[in-house]
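Quick look at entry_33.cif (mmCIF, C-alpha atoms):
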data_structure
#
loop_
_atom_site.label_atom_id
_atom_site.label_comp_id
_atom_site.auth_asym_id
_atom_site.auth_seq_id
_atom_site.Cartn_x
_atom_site.Cartn_y
_atom_site.Cartn_z
CA MET F 747 263.08 -87.91 15.83
CA ILE F 748 265.68 -89.92 13.93
CA GLU F 749 263.38 -89.94 10.92
CA PHE F 750 263.29 -86.16 11.08
CA PHE F 751 267.05 -85.86 10.85
CA SER F 752 267.49 -88.63 8.30
CA ALA F 753 265.71 -86.43 5.78
CA TYR F 754 268.63 -84.01 6.02
CA ALA F 755 271.08 -86.82 5.25
CA ASP F 756 269.00 -87.89 2.25
CA TYR F 757 268.68 -84.45 0.71
CA TRP F 758 271.91 -82.74 1.75
CA ALA F 759 273.60 -83.43 -1.60
CA ASP F 760 270.85 -81.43 -3.30
CA TRP F 761 270.18 -78.78 -0.66
CA GLY F 762 273.71 -78.08 0.54
CA PRO F 763 275.22 -76.50 -2.58
CA ARG F 764 272.07 -74.51 -3.35
CA LEU F 765 271.80 -73.08 0.16
CA ARG F 766 275.51 -72.30 0.23
CA ALA F 767 275.21 -70.38 -3.03
CA ALA F 768 272.18 -68.56 -1.63
CA ALA F 769 274.08 -67.77 1.58
CA LEU F 770 276.71 -66.06 -0.56
CA VAL F 771 273.99 -63.92 -2.17
CA THR F 772 272.67 -63.06 1.31
CA ALA F 773 276.19 -62.15 2.40
CA ALA F 774 276.76 -59.96 -0.67
CA LEU F 775 273.35 -58.34 -0.23
CA SER F 776 273.89 -57.51 3.43
CA VAL F 777 277.50 -56.35 3.03
CA GLY F 778 276.54 -54.19 0.04
CA GLY F 779 273.62 -52.74 1.96
CA PHE F 780 275.77 -52.10 4.99
CA VAL F 781 278.51 -50.34 3.00
CA LEU F 782 275.86 -48.10 1.44
CA ALA F 783 274.31 -47.55 4.88
CA VAL F 784 277.66 -46.48 6.35
CA LEU F 785 278.35 -44.12 3.42
CA LEU F 786 274.91 -42.51 3.54
CA GLY F 787 274.92 -42.56 7.34
CA SER F 788 278.23 -40.69 7.40
CA LEU F 789 276.85 -38.07 5.04
CA LEU F 790 273.77 -37.76 7.26
CA THR F 791 275.99 -37.35 10.32
CA VAL F 792 277.94 -34.59 8.60
CA ALA F 793 274.60 -32.91 7.86
CA LEU F 794 273.32 -33.45 11.42
CA ARG F 795 276.46 -31.90 12.90
CA SER F 796 276.80 -29.08 10.35
CA ALA F 797 276.36 -25.43 11.23
CA SER F 798 273.39 -25.00 8.89
CA VAL F 799 270.09 -25.36 10.71
CA TRP F 800 268.30 -26.29 7.49
CA LEU F 801 270.68 -29.09 6.71
CA GLN F 802 270.20 -30.39 10.25
CA ARG F 803 266.44 -30.28 9.91
CA VAL F 804 266.39 -32.07 6.57
CA ALA F 805 268.72 -34.81 7.83
CA ASN F 806 266.71 -35.16 11.04
CA ALA F 807 263.42 -35.40 9.15
CA TYR F 808 264.91 -38.07 6.88
CA VAL F 809 266.10 -40.14 9.85
CA GLN F 810 262.73 -39.86 11.62
CA PHE F 811 260.78 -40.71 8.49
CA ILE F 812 262.89 -43.69 7.43
CA ARG F 813 262.70 -45.11 10.94
CA ALA F 814 258.90 -45.00 10.77
CA VAL F 815 258.62 -46.90 7.48
CA PRO F 816 258.87 -50.69 7.22
CA LEU F 817 261.67 -52.03 5.07
CA LEU F 818 259.27 -54.16 3.04
CA ALA F 819 257.28 -51.10 1.94
CA LEU F 820 260.53 -49.37 0.99
CA LEU F 821 261.75 -52.40 -0.99
CA LEU F 822 258.49 -52.85 -2.88
CA ALA F 823 258.37 -49.13 -3.66
CA ILE F 824 261.96 -49.17 -4.97
CA TYR F 825 261.43 -52.34 -6.95
CA PHE F 826 258.08 -51.52 -8.51
CA VAL F 827 257.79 -47.70 -8.53
CA LEU F 828 261.25 -46.67 -9.76
CA PRO F 829 260.87 -48.50 -13.12
CA GLY F 830 258.00 -46.10 -13.83
CA ALA F 831 260.53 -43.29 -13.54
CA GLY F 832 262.79 -45.09 -16.00
CA LEU F 833 265.10 -46.68 -13.42
CA VAL F 834 264.86 -50.45 -13.69
CA LEU F 835 266.70 -52.23 -10.88
CA SER F 836 267.22 -55.94 -10.41
CA GLY F 837 265.94 -57.47 -7.16
CA PHE F 838 269.49 -57.54 -5.85
CA GLN F 839 270.17 -53.87 -6.67
CA ALA F 840 266.83 -52.79 -5.24
CA GLY F 841 267.62 -54.83 -2.13
CA VAL F 842 271.01 -53.18 -1.62
CA LEU F 843 269.47 -49.74 -2.17
CA GLY F 844 266.57 -50.41 0.24
CA LEU F 845 268.79 -51.92 2.93
CA GLY F 846 271.24 -49.03 2.50
CA LEU F 847 268.55 -46.35 2.77
CA GLN F 848 266.98 -48.01 5.80
CA GLY F 849 270.33 -48.76 7.46
CA SER F 850 271.67 -45.23 6.91
CA ALA F 851 269.17 -43.80 9.41
CA TYR F 852 270.27 -46.27 12.09
CA VAL F 853 273.98 -45.83 11.31
CA ALA F 854 273.56 -42.04 11.50
CA GLU F 855 272.07 -42.35 14.99
CA ILE F 856 274.98 -44.55 16.08
CA LEU F 857 277.60 -42.20 14.62
CA ARG F 858 275.90 -39.20 16.19
CA GLY F 859 275.88 -40.94 19.57
CA GLY F 860 279.49 -42.06 19.26
CA LEU F 861 280.85 -38.66 18.25
CA GLY F 862 278.71 -37.01 20.92
CA ALA F 863 280.30 -39.23 23.56
CA VAL F 864 283.73 -37.70 22.96
CA HIS F 865 284.26 -34.73 25.23
CA LYS F 866 284.42 -31.33 23.52
CA GLY F 867 287.69 -30.58 25.33
CA GLN F 868 289.42 -33.30 23.32
CA ARG F 869 288.79 -31.46 20.08
CA GLU F 870 289.67 -28.08 21.56
CA ALA F 871 292.90 -29.46 23.00
CA GLY F 872 293.81 -30.92 19.61
CA LEU F 873 293.17 -27.59 17.89
CA THR F 874 295.17 -25.75 20.54
CA VAL F 875 298.31 -27.78 19.92
CA GLY F 876 298.09 -26.80 16.26
CA MET F 877 296.41 -29.76 14.58
CA THR F 878 294.11 -29.06 11.63
CA PRO F 879 290.42 -29.96 12.13
CA TRP F 880 290.87 -32.98 9.84
CA GLN F 881 293.89 -34.18 11.86
CA VAL F 882 291.92 -33.72 15.06
CA PHE F 883 289.13 -35.84 13.61
CA CYS F 884 291.42 -38.63 12.40
CA HIS F 885 293.76 -38.82 15.36
CA VAL F 886 291.71 -37.64 18.34
CA THR F 887 287.94 -37.74 17.89
CA ALA F 888 287.36 -40.71 15.57
CA PRO F 889 289.51 -43.27 17.45
CA GLN F 890 287.77 -42.47 20.72
CA ALA F 891 284.32 -42.46 19.12
CA MET F 892 285.12 -45.81 17.52
CA ARG F 893 285.23 -47.45 20.95
CA VAL F 894 281.64 -46.42 21.55
CA MET F 895 280.39 -47.03 18.02
CA LEU F 896 281.87 -50.39 17.13
CA PRO F 897 279.54 -52.70 19.10
CA PRO F 898 276.31 -51.01 17.98
CA LEU F 899 277.59 -50.88 14.39
CA LEU F 900 278.13 -54.62 14.52
CA ASN F 901 274.60 -55.04 15.87
CA ALA F 902 273.31 -52.83 13.06
CA TYR F 903 274.99 -55.16 10.57
CA VAL F 904 273.37 -58.19 12.20
CA SER F 905 269.89 -56.68 11.97
CA LEU F 906 270.59 -55.64 8.38
CA LEU F 907 271.59 -59.23 7.65
CA LYS F 908 268.32 -60.48 9.09
CA ASP F 909 266.40 -57.79 7.21
CA SER F 910 268.00 -58.89 3.96
CA SER F 911 265.64 -61.88 4.15
CA LEU F 912 262.85 -59.53 3.03
CA CYS F 913 264.53 -59.32 -0.38
CA ALA F 914 263.08 -62.79 -0.94
CA LEU F 915 259.81 -60.96 -1.56
CA ILE F 916 261.29 -58.92 -4.43
CA ALA F 917 262.65 -62.00 -6.22
CA THR F 918 266.27 -61.92 -5.04
CA ASP F 919 267.73 -65.43 -4.94
CA GLU F 920 268.85 -65.21 -1.33
CA LEU F 921 268.55 -67.79 1.45
CA LEU F 922 264.84 -67.65 2.16
CA LEU F 923 263.68 -67.51 -1.46
CA THR F 924 265.91 -70.48 -2.27
CA ALA F 925 264.47 -72.27 0.75
CA ARG F 926 260.96 -71.58 -0.51
CA ALA F 927 261.85 -72.91 -3.93
CA ILE F 928 263.30 -76.07 -2.39
CA SER F 929 260.29 -76.49 -0.10
CA SER F 930 257.88 -76.44 -3.02
CA GLU F 931 259.87 -79.21 -4.72
CA SER F 932 260.51 -81.44 -1.74
CA PHE F 933 257.43 -80.80 0.40
CA LEU F 934 259.56 -80.65 3.53
CA PRO F 935 258.98 -77.02 4.58
CA LEU F 936 259.71 -77.59 8.26
CA HIS F 937 263.13 -79.11 7.51
CA ILE F 938 264.15 -76.57 4.94
CA PHE F 939 263.06 -73.41 6.78
CA LEU F 940 264.73 -74.54 10.01
CA LEU F 941 267.88 -75.22 8.00
CA ALA F 942 267.70 -71.79 6.35
CA GLY F 943 267.27 -70.30 9.82
CA LEU F 944 270.38 -72.17 10.89
CA PHE F 945 272.34 -70.59 8.03
CA TYR F 946 271.33 -67.12 9.24
CA PHE F 947 272.11 -68.13 12.81
CA ALA F 948 275.56 -69.36 11.80
CA ILE F 949 276.45 -65.90 10.49
CA ALA F 950 274.54 -63.72 12.94
CA PHE F 951 275.26 -65.46 16.24
CA PRO F 952 279.10 -65.21 16.18
CA LEU F 953 278.80 -61.54 15.21
CA SER F 954 276.34 -60.88 18.06
CA MET F 955 278.70 -62.56 20.50
CA CYS F 956 281.60 -60.58 19.08
CA SER F 957 279.67 -57.35 19.56
CA ARG F 958 278.90 -58.24 23.18
CA TRP F 959 282.53 -59.15 23.82
CA LEU F 960 283.73 -55.91 22.22
CA GLU F 961 281.34 -53.93 24.36
CA THR F 962 282.88 -55.12 27.61
CA ARG F 963 286.40 -55.16 26.17
CA LEU F 964 286.29 -51.61 24.82
CA ARG F 965 284.76 -50.25 27.98
CA ARG F 966 287.82 -51.35 29.90
CA GLY F 967 290.08 -48.43 30.67
CA ARG F 968 287.74 -45.84 29.19
CA ARG F 969 287.87 -42.70 31.22
CA VAL F 970 284.31 -41.80 32.00
CA MET F 971 283.64 -38.17 32.69
CA GLY F 972 283.20 -37.41 36.36
CA ALA F 973 284.96 -40.61 37.39
CA THR F 974 288.37 -39.01 37.76
CA MET W 66 238.68 -40.77 -8.06
CA GLN W 67 236.74 -43.99 -7.68
CA ALA W 68 239.98 -45.97 -7.78
CA PHE W 69 241.52 -43.63 -5.26
CA LEU W 70 238.69 -44.24 -2.77
CA VAL W 71 239.03 -47.98 -3.19
CA ILE W 72 242.77 -47.74 -2.48
CA VAL W 73 242.21 -45.72 0.68
CA LYS W 74 239.48 -48.07 1.86
CA MET W 75 241.44 -51.27 1.27
CA LEU W 76 244.62 -49.92 2.86
CA SER W 77 242.69 -48.82 5.97
CA ILE W 78 241.14 -52.29 6.29
CA GLY W 79 244.69 -53.60 6.09
CA ALA W 80 245.80 -51.13 8.76
CA LEU W 81 243.15 -52.53 11.12
CA THR W 82 244.46 -56.06 10.66
CA ALA W 83 248.02 -54.78 11.17
CA LEU W 84 246.95 -53.19 14.46
CA GLN W 85 245.21 -56.39 15.57
CA ILE W 86 248.37 -58.39 14.93
CA SER W 87 250.45 -55.75 16.71
CA VAL W 88 248.22 -55.94 19.78
CA GLY W 89 248.20 -59.74 19.78
CA ALA W 90 251.96 -60.00 19.36
CA LEU W 91 252.55 -57.26 21.94
CA ALA W 92 250.43 -59.12 24.49
CA ILE W 93 252.37 -62.36 23.92
CA ALA W 94 255.71 -60.54 23.91
CA VAL W 95 255.08 -58.64 27.15
CA CYS W 96 253.64 -61.63 29.07
CA VAL W 97 256.18 -64.22 27.93
CA GLY W 98 259.06 -61.72 28.02
CA LEU W 99 258.21 -60.72 31.57
CA LEU W 100 257.87 -64.33 32.69
CA LEU W 101 261.22 -65.24 31.14
CA ALA W 102 262.94 -62.19 32.65
CA ILE W 103 261.63 -62.92 36.13
CA THR W 104 262.66 -66.55 35.80
CA ARG W 105 266.10 -65.52 34.61
CA CYS W 106 266.59 -63.12 37.52
CA PHE W 107 265.24 -65.24 40.36
CA VAL W 108 265.65 -68.89 39.39
CA ARG W 109 269.27 -69.80 39.82
CA ARG W 110 269.14 -73.28 38.25
CA ARG W 111 271.86 -73.53 35.64
CA TRP W 112 269.85 -75.44 33.05
CA VAL W 113 267.01 -72.91 33.23
CA GLN W 114 269.45 -70.09 32.53
CA VAL W 115 271.03 -71.98 29.64
CA ALA W 116 267.65 -72.93 28.15
CA ILE W 117 266.39 -69.33 28.21
CA ALA W 118 269.64 -67.99 26.78
CA ALA W 119 269.72 -70.60 23.99
CA TRP W 120 266.09 -69.96 23.06
CA SER W 121 266.50 -66.22 23.00
CA GLU W 122 269.73 -66.38 20.95
CA TRP W 123 268.05 -68.60 18.37
CA VAL W 124 265.01 -66.36 18.09
CA ARG W 125 267.01 -63.14 17.92
CA ASN W 126 269.63 -64.25 15.41
CA VAL W 127 267.24 -65.65 12.81
CA PRO W 128 265.08 -63.35 10.65
CA ALA W 129 261.43 -63.00 11.71
CA LEU W 130 260.38 -64.01 8.20
CA ALA W 131 262.09 -67.39 8.66
CA HIS W 132 260.20 -67.88 11.94
CA LEU W 133 256.92 -67.07 10.21
CA PHE W 134 257.67 -69.56 7.41
CA VAL W 135 258.47 -72.27 9.98
CA LEU W 136 255.27 -71.59 11.91
CA TYR W 137 253.00 -71.27 8.90
CA PHE W 138 254.37 -73.63 6.23
CA GLY W 139 256.54 -75.85 8.44
CA LEU W 140 254.02 -76.69 11.13
CA ALA W 141 251.29 -77.22 8.53
CA SER W 142 253.37 -80.02 7.02
CA ALA W 143 253.67 -81.54 10.52
CA GLY W 144 249.87 -81.50 10.83
CA ILE W 145 249.46 -78.31 12.87
CA ARG W 146 247.52 -75.85 10.76
CA LEU W 147 247.64 -72.28 12.04
CA SER W 148 245.65 -69.49 10.43
CA PRO W 149 247.87 -66.77 8.92
CA VAL W 150 246.86 -64.27 11.63
CA THR W 151 247.57 -66.74 14.44
CA ALA W 152 250.93 -67.66 12.93
CA ALA W 153 251.84 -63.97 12.59
CA CYS W 154 250.85 -63.18 16.21
CA LEU W 155 252.77 -66.19 17.50
CA GLY W 156 255.84 -65.55 15.35
CA LEU W 157 256.14 -61.83 16.01
CA GLY W 158 255.19 -62.40 19.67
CA MET W 159 257.93 -65.01 20.00
CA VAL W 160 260.56 -62.66 18.60
CA GLY W 161 259.24 -59.86 20.80
CA ALA W 162 259.34 -62.07 23.89
CA ALA W 163 263.05 -62.68 23.36
CA VAL W 164 263.72 -58.97 22.81
CA LEU W 165 261.65 -57.88 25.81
CA CYS W 166 263.12 -60.64 27.99
CA ASP W 167 266.52 -58.96 27.57
CA VAL W 168 265.05 -55.50 28.10
CA PHE W 169 263.19 -56.54 31.27
CA THR W 170 266.17 -58.47 32.63
CA ALA W 171 268.37 -55.42 32.23
CA GLY W 172 265.62 -53.32 33.83
CA LEU W 173 265.27 -55.61 36.84
CA ARG W 174 269.04 -55.82 37.30
CA SER W 175 269.33 -52.03 37.21
CA LEU W 176 267.20 -51.74 40.37
CA HIS W 177 268.99 -51.47 43.67
CA LEU W 178 269.16 -54.72 45.65
CA GLY W 179 267.96 -52.87 48.74
CA GLN W 180 264.55 -52.37 47.12
CA ARG W 181 263.86 -56.08 47.26
CA GLU W 182 265.38 -56.56 50.70
CA ALA W 183 263.46 -53.62 52.16
CA ALA W 184 260.17 -54.86 50.69
CA LEU W 185 260.76 -58.35 52.05
CA SER W 186 261.71 -57.02 55.47
CA VAL W 187 258.47 -55.03 55.84
CA GLY W 188 256.63 -58.32 55.35
CA LEU W 189 255.61 -58.39 51.69
CA VAL W 190 255.56 -61.83 50.14
CA PRO W 191 257.74 -62.30 47.00
CA VAL W 192 254.79 -61.91 44.61
CA GLN W 193 253.85 -58.62 46.26
CA VAL W 194 257.46 -57.48 46.10
CA LEU W 195 257.37 -57.98 42.35
CA ARG W 196 253.93 -56.48 41.83
CA PHE W 197 254.21 -53.39 44.02
CA VAL W 198 257.92 -52.64 44.25
CA LEU W 199 260.06 -54.08 41.47
CA LEU W 200 257.84 -54.16 38.37
CA PRO W 201 256.57 -50.56 38.59
CA GLN W 202 260.13 -49.29 38.80
CA MET W 203 261.26 -51.66 36.07
CA PHE W 204 258.56 -50.44 33.68
CA ARG W 205 259.66 -46.87 34.23
CA VAL W 206 263.27 -47.72 33.42
CA THR W 207 262.38 -49.78 30.37
CA LEU W 208 259.79 -47.43 28.87
CA PRO W 209 262.11 -46.07 26.13
CA SER W 210 263.01 -49.59 24.99
CA LEU W 211 259.36 -50.64 25.14
CA GLY W 212 258.47 -47.69 22.91
CA ASN W 213 261.17 -48.63 20.41
CA TYR W 214 259.92 -52.18 20.40
CA ALA W 215 256.29 -51.16 19.89
CA SER W 216 257.05 -49.05 16.82
CA GLN W 217 259.36 -51.74 15.46
CA LEU W 218 256.53 -54.25 15.91
CA VAL W 219 254.03 -52.19 13.93
CA LYS W 220 256.54 -52.01 11.08
CA ASP W 221 257.30 -55.71 11.33
CA THR W 222 253.65 -56.63 10.81
CA SER W 223 254.33 -55.79 7.15
CA ILE W 224 256.26 -59.04 6.71
CA ALA W 225 253.15 -61.00 7.70
CA SER W 226 251.93 -60.26 4.16
CA ALA W 227 254.36 -63.01 3.09
CA ILE W 228 252.15 -65.61 4.78
CA ALA W 229 248.97 -64.10 3.32
CA VAL W 230 247.83 -62.07 6.31
CA PRO W 231 245.52 -59.43 4.84
CA GLU W 232 247.36 -56.40 6.19
CA ILE W 233 248.56 -53.19 4.53
CA MET W 234 251.28 -54.55 2.24
CA PHE W 235 249.10 -57.54 1.29
CA TYR W 236 246.32 -55.26 0.06
CA ALA W 237 248.85 -52.95 -1.54
CA ARG W 238 250.29 -55.76 -3.65
CA HIS W 239 246.86 -56.99 -4.65
CA LEU W 240 245.65 -53.50 -5.51
CA VAL W 241 248.68 -52.99 -7.71
CA THR W 242 247.84 -56.04 -9.80
CA SER W 243 244.23 -54.93 -10.25
CA THR W 244 244.53 -51.15 -10.66
CA PHE W 245 248.14 -50.62 -11.84
CA GLU W 246 248.32 -47.43 -9.72
CA THR W 247 251.75 -48.60 -8.53
CA THR W 248 253.15 -45.27 -7.39
CA ALA W 249 250.04 -44.04 -5.60
CA ILE W 250 249.51 -47.35 -3.78
CA TYR W 251 253.05 -47.90 -2.54
CA LEU W 252 253.54 -44.27 -1.53
CA GLY W 253 250.14 -44.42 0.18
CA ALA W 254 251.21 -47.52 2.10
CA ILE W 255 254.48 -45.87 3.17
CA LEU W 256 252.65 -42.76 4.36
CA LEU W 257 250.08 -44.88 6.18
CA TYR W 258 252.82 -46.67 8.16
CA ALA W 259 254.49 -43.35 8.95
CA ALA W 260 251.12 -42.00 10.08
CA ILE W 261 250.81 -44.86 12.57
CA VAL W 262 254.41 -45.17 13.75
CA LEU W 263 255.38 -41.49 14.09
CA PRO W 264 252.56 -40.60 16.55
CA LEU W 265 253.40 -43.78 18.47
CA THR W 266 257.03 -42.70 18.91
CA TRP W 267 255.93 -39.18 19.92
CA LEU W 268 253.51 -40.66 22.43
CA PHE W 269 256.26 -42.71 24.05
CA ALA W 270 258.68 -39.77 23.99
CA HIS W 271 256.00 -37.70 25.73
CA ALA W 272 255.32 -40.39 28.34
CA GLU W 273 259.05 -40.64 28.97
CA ARG W 274 259.35 -36.90 29.61
CA ARG W 275 256.36 -37.01 31.97
CA LEU W 276 257.97 -39.82 33.99
CA GLU W 277 261.29 -37.98 34.07
CA LEU W 278 259.55 -34.96 35.55
CA SER W 279 257.68 -36.87 38.21
CA ARG W 280 260.74 -38.76 39.28
#

Would you mind giving the structure from this file in structure tokens?
Amino acid sequence: MIEFFSAYADYWADWGPRLRAAALVTAALSVGGFVLAVLLGSLLTVALRSASVWLQRVANAYVQFIRAVPLLALLLAIYFVLPGAGLVLSGFQAGVLGLGLQGSAYVAEILRGGLGAVHKGQREAGLTVGMTPWQVFCHVTAPQAMRVMLPPLLNAYVSLLKDSSLCALIATDELLLTARAISSESFLPLHIFLLAGLFYFAIAFPLSMCSRWLETRLRRGRRVMGAT
Amino acid sequence: MQAFLVIVKMLSIGALTALQISVGALAIAVCVGLLLAITRCFVRRRWVQVAIAAWSEWVRNVPALAHLFVLYFGLASAGIRLSPVTAACLGLGMVGAAVLCDVFTAGLRSLHLGQREAALSVGLVPVQVLRFVLLPQMFRVTLPSLGNYASQLVKDTSIASAIAVPEIMFYARHLVTSTFETTAIYLGAILLYAAIVLPLTWLFAHAERRLELSR
């Protein structure tokens, strides 16, 4: 047992800086992907809630389809097929695009659920007192929807972070690919992959806890329909 | 045309392997997840609770690909050689067990306490209470989450290609290097996954509606 851990002490000077650098790439990858997912997801939500039936159908079909396709297939297609159409992306760019496309479907579902949870009367009341639709959205609907959406959005980020590990398979120098490179030099795969897992855990676990805490915290004092 | 047939054939062989892994992992996930959930709900020992929670947090907050690498490359270096398919079933099953443990726990806790008390008071022994009263109701409550998990699992089998399991993406990557039909192969793979996962989600949605009606 002590032997097992002493390997970490021996190699930390080599592994530490490399894994830290890779963790930064993973962070950039997942944050970039998440920003793209939120942007696209918002657009999808606008389409899903628009008056045009066609727009709704297209957005709905997109969400259904993306949710049925594995991220790895999407990433490989983006990385290897798009160059044929003249669009050459680096592994990192392809990763952000893939994570964003995949995440947008999940974000759209969350936004749709959150906005749907705000009672229609809230919007009507806002309009009645003379606010413009945009004001109603910013000051009445969005803040209330935020209480419902924030915890699942945080969860969506955590799963996107974990999914970013798949970018190792399209040659992005993130945590797992770096771990693989190290493992083929040092022949200590068990040590290095557990350590890489620990890096993911160190980012994902606090966020998961935070999401769970927010969920109970934000529910406090929420007026549920039918309760009053 | 010849190349096209080869692509279709290879990808369908891959799909069969993907389904095998899905079934294997699902079996592990449901059995272990159920066992953990029941333990969590009915065994009040503090260390048991902490151990289950710690295990499930670790499994759920680390990417599945990292788990597969640990099981396949890591254990091999420690002298335990698993075949790629076994490692994939174990890894995905382990992740699924943690996910389903939470789902089943929530399901069991959503049932009214009186159900258990009533069943005990008419003379059923605890195992019968679980088998005939609690679990059937729990499965009905958790069906939507089970459906989500099942389709997620089929998609997740794609990452098993990273440890050389001959499933859809594995064949796709190999076909690309031999035929150079990049676009056709990757689009074919995407459509193949959609063709498996979409009917699966519809099936579960249908089952859910049926149960709603009969409730």

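For the pair CA of Asp167 in chain W and CA of Ile261 in chain W, the separation is 25.9 Å.
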
- Task: Measuring atom to atom with all atoms listed in the file, identify which of F:Leu828, F:Ala814, F:Leu847, F:Val853 is nearest to chain W.
- Result: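 Checking each candidate against chain W, we get F:Ala814 as the closest.
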
- Message: Residues of chain F within 9 Å of chain W, counting only C-alpha atoms, what are they? List them as a ChimeraX atom specification.
- Response: /F:810-820,822-823,826-828,830,904-905,907-912,915,922,926,933-940,942-951,954

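Neighbourhood of point (285.6, -38.4, 22.5): residues with an atom at most 6 Å away, counting only C-alpha atoms, are Ala863, Val864, His865, Thr887, Gln890 and Ala891 of chain F.
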
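Here CA of Leu964 in chain F is placed at a distance of 8.9 Å from CA of Pro897 in chain F.
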
- Task: Find the distance between CA of Leu195 in chain W and CA of Leu211 in chain W and write it in Å to one decimal.
- Result: 18.8 Å

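Neighbours of Ala162 in chain W closer than or equal to 6 Å, with only C-alpha atoms counted and sequence neighbours fewer than 5 positions away skipped, come out as Ala94, Val97 and Gly98 of chain W.
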
- Item | Residues in the PyMOL selection byres ((chain W and resi 228-231) around 7), expressed as a VMD selection string | chain W and resid 79 82 149 to 150 225 to 227 232 to 233 235 to 236

- Given all atoms listed in the file as the counted atoms, nearest of F:Val894, F:Ala774, F:Leu906, F:Ala854 to Thr962 in chain F: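 Closest residue, counting all atoms listed in the file: F:Val894.
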
List the spatial neighbours of range 761-764 of chain F as an mmCIF file with C-alpha atoms, in the coordinates of the input - criterion: any atom at most 9 Å away, all atoms listed in the file, same-chain residues fewer than 6 positions off excluded.
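The result, written out as selection_22.cif:
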data_model
loop_
_atom_site.group_PDB
_atom_site.id
_atom_site.type_symbol
_atom_site.label_atom_id
_atom_site.label_comp_id
_atom_site.auth_asym_id
_atom_site.auth_seq_id
_atom_site.Cartn_x
_atom_site.Cartn_y
_atom_site.Cartn_z
ATOM 1 C CA TYR F 754 268.630 -84.010 6.020
ATOM 2 C CA LEU F 921 268.550 -67.790 1.450
ATOM 3 C CA THR F 924 265.910 -70.480 -2.270
ATOM 4 C CA ALA F 925 264.470 -72.270 0.750
ATOM 5 C CA ILE F 928 263.300 -76.070 -2.390
ATOM 6 C CA ILE F 938 264.150 -76.570 4.940
#

- Determine, counting all atoms listed in the file, which protein, DNA and RNA residues have an atom within 12 Å of an atom of Cys96 in chain W; residues of the same chain fewer than 4 positions away are not included. Present the result as a count of residues only. 16
